[in-house]
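Visitor: Data: upload05.cif, mmCIF, C-alpha atoms.
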```
data_structure
#
loop_
_atom_site.label_atom_id
_atom_site.label_comp_id
_atom_site.auth_asym_id
_atom_site.auth_seq_id
_atom_site.Cartn_x
_atom_site.Cartn_y
_atom_site.Cartn_z
CA MET H 1 -28.55 -8.12 19.29
CA GLY H 2 -26.24 -8.33 16.29
CA ARG H 3 -23.10 -10.38 16.11
CA LYS H 4 -19.62 -8.98 15.66
CA GLY H 5 -18.84 -8.03 12.07
CA SER H 6 -16.15 -10.69 11.65
CA ARG H 7 -18.74 -13.44 12.29
CA TYR H 8 -21.00 -12.50 9.40
CA THR H 9 -20.47 -14.37 6.16
CA ILE H 10 -19.85 -12.59 2.88
CA LYS H 11 -23.30 -13.72 1.74
CA GLU H 12 -24.96 -12.18 4.81
CA LYS H 13 -23.08 -8.90 4.40
CA LEU H 14 -24.13 -8.70 0.76
CA PHE H 15 -27.74 -9.30 1.81
CA TYR H 16 -27.72 -6.31 4.19
CA ILE H 17 -25.87 -4.16 1.64
CA GLY H 18 -28.54 -5.06 -0.88
CA LEU H 19 -31.26 -3.87 1.49
CA VAL H 20 -29.55 -0.47 1.80
CA THR H 21 -29.01 -0.09 -1.94
CA GLN H 22 -32.69 -0.83 -2.43
CA GLY H 23 -33.61 2.09 -0.17
CA MET H 24 -33.67 0.69 3.36
CA VAL H 25 -31.74 2.86 5.82
CA PRO H 26 -29.15 1.18 8.12
CA ASN H 27 -31.19 2.05 11.23
CA ALA H 28 -34.17 0.18 9.79
CA VAL H 29 -31.93 -2.81 9.04
CA GLN H 30 -30.85 -2.82 12.67
CA ARG H 31 -34.42 -2.69 13.96
CA LYS H 32 -35.55 -5.55 11.73
CA TYR H 33 -32.50 -7.85 11.71
CA GLY H 34 -30.52 -6.83 14.80
CA VAL H 35 -27.25 -6.00 13.03
CA GLU H 36 -25.62 -2.73 14.13
CA HIS H 37 -26.46 0.14 11.77
CA SER H 38 -22.87 1.44 11.95
CA GLN H 39 -21.68 -2.00 10.88
CA VAL H 40 -23.98 -1.98 7.88
CA SER H 41 -22.79 1.51 6.92
CA ARG H 42 -19.16 0.36 7.00
CA TRP H 43 -19.96 -2.64 4.81
CA VAL H 44 -21.69 -0.42 2.28
CA LYS H 45 -18.71 1.95 2.16
CA ARG H 46 -16.14 -0.82 1.89
CA TYR H 47 -18.10 -2.67 -0.76
CA GLY H 48 -18.34 0.53 -2.78
CA LEU H 49 -14.59 1.12 -2.53
CA GLN H 50 -13.19 -2.42 -2.82
CA GLY H 51 -16.01 -4.73 -3.86
CA ILE H 52 -16.02 -8.23 -2.31
CA ASP H 53 -12.45 -7.80 -1.02
CA GLY H 54 -13.64 -4.99 1.22
CA LEU H 55 -15.95 -7.42 3.00
CA ARG H 56 -13.34 -10.06 3.79
CA HIS H 57 -12.07 -10.22 7.34
CA ARG H 58 -8.33 -9.84 7.76
CA LEU H 59 -6.63 -11.07 10.94
CA MET H 60 -4.72 -8.51 12.98
CA GLY H 61 -0.97 -8.60 12.35
CA LYS H 62 -1.39 -10.13 8.89
CA TYR H 63 -1.22 -6.92 6.91
CA PRO H 64 1.68 -6.90 4.40
CA SER H 65 4.44 -4.41 5.14
CA GLU H 66 3.92 -2.85 1.71
CA LEU H 67 0.27 -2.13 2.53
CA LYS H 68 1.17 -0.60 5.90
CA LEU H 69 3.70 1.67 4.20
CA LYS H 70 1.20 2.71 1.53
CA ILE H 71 -1.40 3.65 4.15
CA VAL H 72 1.11 5.52 6.32
CA LEU H 73 2.38 7.54 3.36
CA GLU H 74 -1.14 8.36 2.25
CA TYR H 75 -1.94 9.69 5.71
CA LEU H 76 1.29 11.65 6.22
CA GLU H 77 1.02 13.30 2.82
CA GLY H 78 -2.37 14.70 3.86
CA HIS H 79 -4.38 12.73 1.31
CA SER H 80 -6.79 11.18 3.80
CA SER H 81 -7.88 10.75 7.42
CA TYR H 82 -7.77 7.75 9.74
CA PRO H 83 -11.48 6.87 9.37
CA ARG H 84 -11.38 7.16 5.58
CA LEU H 85 -8.29 4.98 5.40
CA CYS H 86 -10.01 2.39 7.59
CA ASP H 87 -12.92 2.28 5.17
CA LYS H 88 -10.72 2.27 2.09
CA TYR H 89 -8.38 -0.53 3.19
CA ASN H 90 -10.70 -2.54 5.45
CA ILE H 91 -8.83 -1.79 8.67
CA PRO H 92 -10.86 -2.57 11.83
CA ASN H 93 -10.16 0.63 13.77
CA VAL H 94 -8.27 3.92 13.59
CA SER H 95 -5.91 3.00 16.41
CA THR H 96 -4.28 0.40 14.16
CA ILE H 97 -3.29 3.01 11.57
CA TYR H 98 -2.30 5.46 14.31
CA GLN H 99 0.15 2.86 15.69
CA TRP H 100 1.65 2.32 12.23
CA VAL H 101 2.11 6.05 11.70
CA HIS H 102 3.70 6.51 15.14
CA GLN H 103 5.91 3.49 14.59
CA TYR H 104 7.15 4.67 11.20
CA THR H 105 7.72 8.33 12.07
CA SER H 106 9.76 7.10 15.04
CA GLY H 107 12.13 5.45 12.57
CA LYS H 108 10.98 1.90 13.29
CA GLN H 109 10.20 -0.68 10.62
CA LEU H 110 6.72 -1.77 9.64
CA THR H 111 6.82 -5.55 9.66
CA THR H 112 4.53 -8.56 9.76
CA ARG H 113 5.19 -11.90 11.39
CA SER H 114 5.18 -13.73 8.08
CA VAL H 115 7.27 -11.46 5.85
CA LYS H 116 10.80 -10.11 5.88
CA GLN H 117 11.48 -6.67 7.24
CA VAL H 118 11.02 -3.66 5.02
CA LYS H 119 14.26 -2.39 3.57
CA ASP H 120 15.69 0.20 5.93
CA GLY H 121 17.06 2.48 3.22
CA ARG H 122 20.80 2.65 2.58
CA LYS H 123 23.90 4.26 4.01
CA THR H 124 24.37 7.87 2.97
CA THR H 125 26.86 10.69 3.45
CA GLN H 126 25.99 14.04 4.99
CA LEU H 127 26.26 15.60 1.55
CA GLU H 128 23.72 13.16 0.13
CA ARG H 129 21.35 13.70 3.06
CA VAL H 130 21.40 17.48 2.62
CA GLU H 131 20.82 17.14 -1.13
CA ILE H 132 17.88 14.80 -0.57
CA VAL H 133 16.27 17.08 2.01
CA GLN H 134 16.71 20.12 -0.22
CA TRP H 135 15.04 18.23 -3.06
CA ILE H 136 12.13 17.28 -0.78
CA ILE H 137 11.60 20.88 0.34
CA ALA H 138 11.89 22.17 -3.23
CA ASN H 139 9.22 19.67 -4.30
CA ASP H 140 6.64 20.54 -1.64
CA MET H 141 7.56 17.74 0.77
CA ASP H 142 7.08 14.91 -1.72
CA TYR H 143 8.55 12.11 0.40
CA SER H 144 7.27 9.31 -1.85
CA ARG H 145 9.11 10.53 -4.95
CA ALA H 146 12.24 11.17 -2.90
CA MET H 147 12.22 7.56 -1.70
CA ASN H 148 12.14 6.28 -5.27
CA LYS H 149 14.50 8.89 -6.70
CA TYR H 150 17.25 8.38 -4.12
CA ASN H 151 16.57 4.76 -3.05
CA VAL H 152 16.05 5.60 0.63
CA SER H 153 13.35 4.72 3.15
CA TYR H 154 10.53 6.89 4.41
CA GLY H 155 11.92 6.76 7.94
CA GLN H 156 15.18 8.22 6.67
CA VAL H 157 13.76 11.09 4.61
CA TYR H 158 11.21 12.02 7.28
CA SER H 159 13.85 12.07 10.02
CA TRP H 160 16.40 13.97 7.91
CA THR H 161 13.88 16.63 6.91
CA ARG H 162 12.80 17.19 10.49
CA LYS H 163 16.41 17.47 11.70
CA PHE H 164 17.36 19.77 8.81
CA LYS H 165 14.51 22.16 9.61
CA GLN H 166 15.57 22.27 13.24
CA GLY H 167 19.33 22.51 12.88
CA GLY H 168 20.33 22.95 9.23
CA PRO H 169 22.99 20.87 7.41
CA GLU H 170 25.03 20.22 10.57
CA ALA H 171 22.07 18.36 12.08
CA LEU H 172 22.49 15.70 9.37
CA VAL H 173 26.01 14.69 10.41
CA ASP H 174 26.17 11.05 11.48
CA ARG H 175 27.88 11.26 14.88
CA ARG H 176 27.15 7.76 16.08
CA GLY H 177 30.17 6.59 18.03
CA LYS H 178 32.22 9.72 17.41
CA GLY H 179 32.48 13.34 18.46
CA LYS H 180 32.20 16.42 16.30
CA THR H 181 35.24 17.00 14.07
CA VAL H 182 36.36 19.54 11.51
CA HIS H 183 35.38 17.04 8.80
CA ASP H 184 31.74 17.47 9.78
CA GLN H 185 31.69 20.85 8.05
CA LEU H 186 30.69 21.04 4.38
CA THR H 187 33.24 22.71 2.14
CA ASP H 188 32.43 25.88 0.21
CA ASN H 189 32.40 23.93 -3.04
CA GLU H 190 30.00 21.38 -1.60
CA LYS H 191 27.71 24.16 -0.38
CA ARG H 192 27.73 25.78 -3.84
CA ASP H 193 26.93 22.45 -5.51
CA LEU H 194 24.07 21.87 -3.09
CA GLU H 195 22.64 25.33 -3.77
CA VAL H 196 22.77 24.73 -7.52
CA LYS H 197 20.97 21.40 -7.10
CA ARG H 198 18.37 22.99 -4.82
CA LEU H 199 17.60 25.74 -7.32
CA LYS H 200 17.51 23.26 -10.20
CA ALA H 201 15.04 21.03 -8.32
CA ARG H 202 12.81 23.99 -7.53
CA ILE H 203 12.87 25.27 -11.12
CA GLU H 204 11.97 21.81 -12.47
CA HIS H 205 9.11 21.54 -9.97
CA LEU H 206 7.73 24.98 -10.80
CA SER H 207 8.06 24.29 -14.53
CA THR H 208 5.93 21.18 -14.11
CA GLU H 209 3.35 23.13 -12.11
CA ASN H 210 3.22 25.86 -14.75
CA ALA H 211 2.76 23.30 -17.52
CA VAL H 212 -0.15 21.73 -15.66
CA LEU H 213 -1.67 25.15 -14.98
CA LYS H 214 -1.46 26.13 -18.65
CA LYS H 215 -3.10 22.87 -19.65
CA LEU H 216 -5.95 23.45 -17.19
CA GLN H 217 -6.44 27.00 -18.44
CA GLU H 218 -6.54 25.72 -22.03
CA LEU H 219 -9.16 23.12 -21.13
CA GLU H 220 -11.25 25.73 -19.28
CA ARG H 221 -11.05 28.05 -22.31
CA LEU H 222 -12.14 25.27 -24.70
CA ASP H 223 -14.95 24.30 -22.34
CA ALA H 224 -16.17 27.92 -22.11
CA THR H 225 -16.04 28.25 -25.91
CA HIS H 226 -18.03 25.04 -26.30
CA HIS H 227 -20.74 26.22 -23.90
CA THR H 228 -20.97 29.61 -25.64
CA SER H 229 -21.36 28.03 -29.10
CA THR H 230 -23.93 25.58 -27.73
CA LYS H 231 -26.03 28.41 -26.29
CA GLN H 232 -25.85 30.39 -29.55
CA SER H 233 -26.95 27.39 -31.60
CA LYS H 234 -30.06 27.05 -29.43
CA LEU H 235 -31.10 30.70 -30.03
#
```
Could you quickly redo this structure as structure tokens?
Guide:
Amino acid sequence: MGRKGSRYTIKEKLFYIGLVTQGMVPNAVQRKYGVEHSQVSRWVKRYGLQGIDGLRHRLMGKYPSELKLKIVLEYLEGHSSYPRLCDKYNIPNVSTIYQWVHQYTSGKQLTTRSVKQVKDGRKTTQLERVEIVQWIIANDMDYSRAMNKYNVSYGQVYSWTRKFKQGGPEALVDRRGKGKTVHDQLTDNEKRDLEVKRLKARIEHLSTENAVLKKLQELERLDATHHTSTKQSKL
């Protein structure tokens, strides 16, 4: 029976990976050497994605906060799945990433025992929060760019967007320790400014999309022309 993956040396893992790359299927490796075929498959995937680093064992709880945030964002933006992220970043199991995602979308910080806490964004006004959420919606829910553009945390933008969708601008009033007052209402001028900024953000986003689309169409046209001329030259 095979040992646990963390007890294999890098040299041993490379040996089994080499057998697979030479044509031996993981099931055959298991029958001959006793190492789990699923383990071998994971090593092959991780080696292909990260090289030697993908084969190193990382102790639980020692993942840098920056890495946790990167993985969480990649999942929430729909770029990957739990299993793929496990393979890509050498995470032992999907439950680890699931816990990070749940922790972060609940507004909690992603921390490690050996590093300082991740910056928890900054203080903002209701007006700023509405502007940020409008920008996010106008840019197809691009939370990552919003974080950099407005110097806020993912927990903030995710929470604000969810509240805004459920209750509009009033849902973004900070009522901690106080009741609702007349000052919680945005003025007409503020509403007009927000609408202008929302439209401007959407126009800029669509302009970028159109520019990319035109470039793709141009490349497709050049490619089609190249293939046509190639065929004619062969006649």
Visitor: Please measure the separation of atom CA of Gly18 of chain H and atom CA of Arg31 of chain H, giving the value in Å to one decimal.
Guide: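 Distance reported for this atom pair: 16.1 Å.
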Visitor: I'd like the residues picked by the PyMOL selection byres ((chain H and resi 86-91) around 7) written out as a PyMOL selection string, using the chain letters and numbers from the file.
Guide: chain H and resi 42+45-46+49+54+82-85+92-94
Visitor: Report the distance between atom CA of Trp100 of chain H and atom CA of Arg122 of chain H in Å, rounded to one decimal place.
Guide: 21.4 Å
Visitor: As number ranges by chain, please: the residues near Val72 of chain H (cut-off 7 Å, all atoms listed in the file, same-chain neighbours under 4 positions excluded).
Guide: H: 68, 76, 100-101
Visitor: Which residues are close to Asp140 of chain H, i.e. within 12 Å by all atoms listed in the file, leaving aside same-chain residues fewer than 2 positions away? Reply as a list in words.
Guide: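 The residues satisfying every condition are Glu77, Val133, Gln134, Trp135, Ile136, Ile137, Ala138, Asp142, Tyr143, Ser144, Arg145, Ala146, Thr161, Ala201, Arg202, His205, Leu206 and Glu209 of chain H.
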Visitor: Using only C-alpha atoms, please write the residues we just selected to a file, as a short mmCIF file (atom, residue, chain, number, x, y, z; two decimals), in the coordinates of the input.
Guide:
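Result file is again26.cif:
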```cif
data_model
loop_
_atom_site.label_atom_id
_atom_site.label_comp_id
_atom_site.auth_asym_id
_atom_site.auth_seq_id
_atom_site.Cartn_x
_atom_site.Cartn_y
_atom_site.Cartn_z
CA GLU H 77 1.02 13.30 2.82
CA VAL H 133 16.27 17.08 2.01
CA GLN H 134 16.71 20.12 -0.22
CA TRP H 135 15.04 18.23 -3.06
CA ILE H 136 12.13 17.28 -0.78
CA ILE H 137 11.60 20.88 0.34
CA ALA H 138 11.89 22.17 -3.23
CA ASP H 142 7.08 14.91 -1.72
CA TYR H 143 8.55 12.11 0.40
CA SER H 144 7.27 9.31 -1.85
CA ARG H 145 9.11 10.53 -4.95
CA ALA H 146 12.24 11.17 -2.90
CA THR H 161 13.88 16.63 6.91
CA ALA H 201 15.04 21.03 -8.32
CA ARG H 202 12.81 23.99 -7.53
CA HIS H 205 9.11 21.54 -9.97
CA LEU H 206 7.73 24.98 -10.80
CA GLU H 209 3.35 23.13 -12.11
#
```
Visitor: Would you work out the distance separating atom CA of Tyr47 of chain H from atom CA of Leu69 of chain H, expressed in Å to one decimal?
Guide: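 For atom CA of Tyr47 of chain H relative to atom CA of Leu69 of chain H, the distance reads 22.8 Å.
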Visitor: Expanded to explicit residues, what is the PyMOL selection byres ((chain H and resi 23-28) around 12) for this file, as a list in words?
Guide: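 Expected selection for the PyMOL selection byres ((chain H and resi 23-28) around 12) here is Phe15, Tyr16, Ile17, Gly18, Leu19, Val20, Thr21, Gln22, Val29, Gln30, Arg31, Lys32, Tyr33, Gly34, Val35, Glu36, His37, Ser38, Gln39, Val40, Ser41, Arg42, Trp43 and Val44 of chain H.
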Visitor: Could N, CA and C atoms be built for segment 131-145 of chain H and written out as a compact mmCIF listing (two decimals), in the frame of the given file?
Guide:
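Final output, rebuild30.txt:
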```txt
# COMPACT_ATOMS: atom_id res chain seq x y z
N GLU H 131 21.37 17.03 0.23
CA GLU H 131 20.82 17.14 -1.13
C GLU H 131 19.40 16.58 -1.19
N ILE H 132 19.21 15.43 -0.56
CA ILE H 132 17.88 14.80 -0.57
C ILE H 132 16.85 15.68 0.12
N VAL H 133 17.20 16.22 1.27
CA VAL H 133 16.27 17.08 2.01
C VAL H 133 15.95 18.34 1.22
N GLN H 134 16.95 18.92 0.59
CA GLN H 134 16.71 20.12 -0.22
C GLN H 134 15.77 19.80 -1.38
N TRP H 135 15.93 18.64 -1.97
CA TRP H 135 15.04 18.23 -3.06
C TRP H 135 13.61 18.08 -2.54
N ILE H 136 13.46 17.48 -1.37
CA ILE H 136 12.13 17.28 -0.78
C ILE H 136 11.44 18.62 -0.53
N ILE H 137 12.17 19.57 0.05
CA ILE H 137 11.60 20.88 0.34
C ILE H 137 11.25 21.62 -0.95
N ALA H 138 12.13 21.50 -1.95
CA ALA H 138 11.89 22.17 -3.23
C ALA H 138 10.67 21.60 -3.95
N ASN H 139 10.34 20.34 -3.64
CA ASN H 139 9.22 19.67 -4.30
C ASN H 139 8.02 19.51 -3.36
N ASP H 140 7.83 20.49 -2.51
CA ASP H 140 6.64 20.54 -1.64
C ASP H 140 6.47 19.28 -0.80
N MET H 141 7.57 18.85 -0.19
CA MET H 141 7.56 17.74 0.77
C MET H 141 7.08 16.42 0.16
N ASP H 142 7.50 16.14 -1.05
CA ASP H 142 7.08 14.91 -1.72
C ASP H 142 8.01 13.76 -1.30
N TYR H 143 7.71 13.18 -0.13
CA TYR H 143 8.55 12.11 0.40
C TYR H 143 8.54 10.86 -0.49
N SER H 144 7.39 10.53 -1.05
CA SER H 144 7.27 9.31 -1.85
C SER H 144 8.22 9.33 -3.04
N ARG H 145 8.23 10.43 -3.79
CA ARG H 145 9.11 10.53 -4.95
C ARG H 145 10.57 10.53 -4.52
```
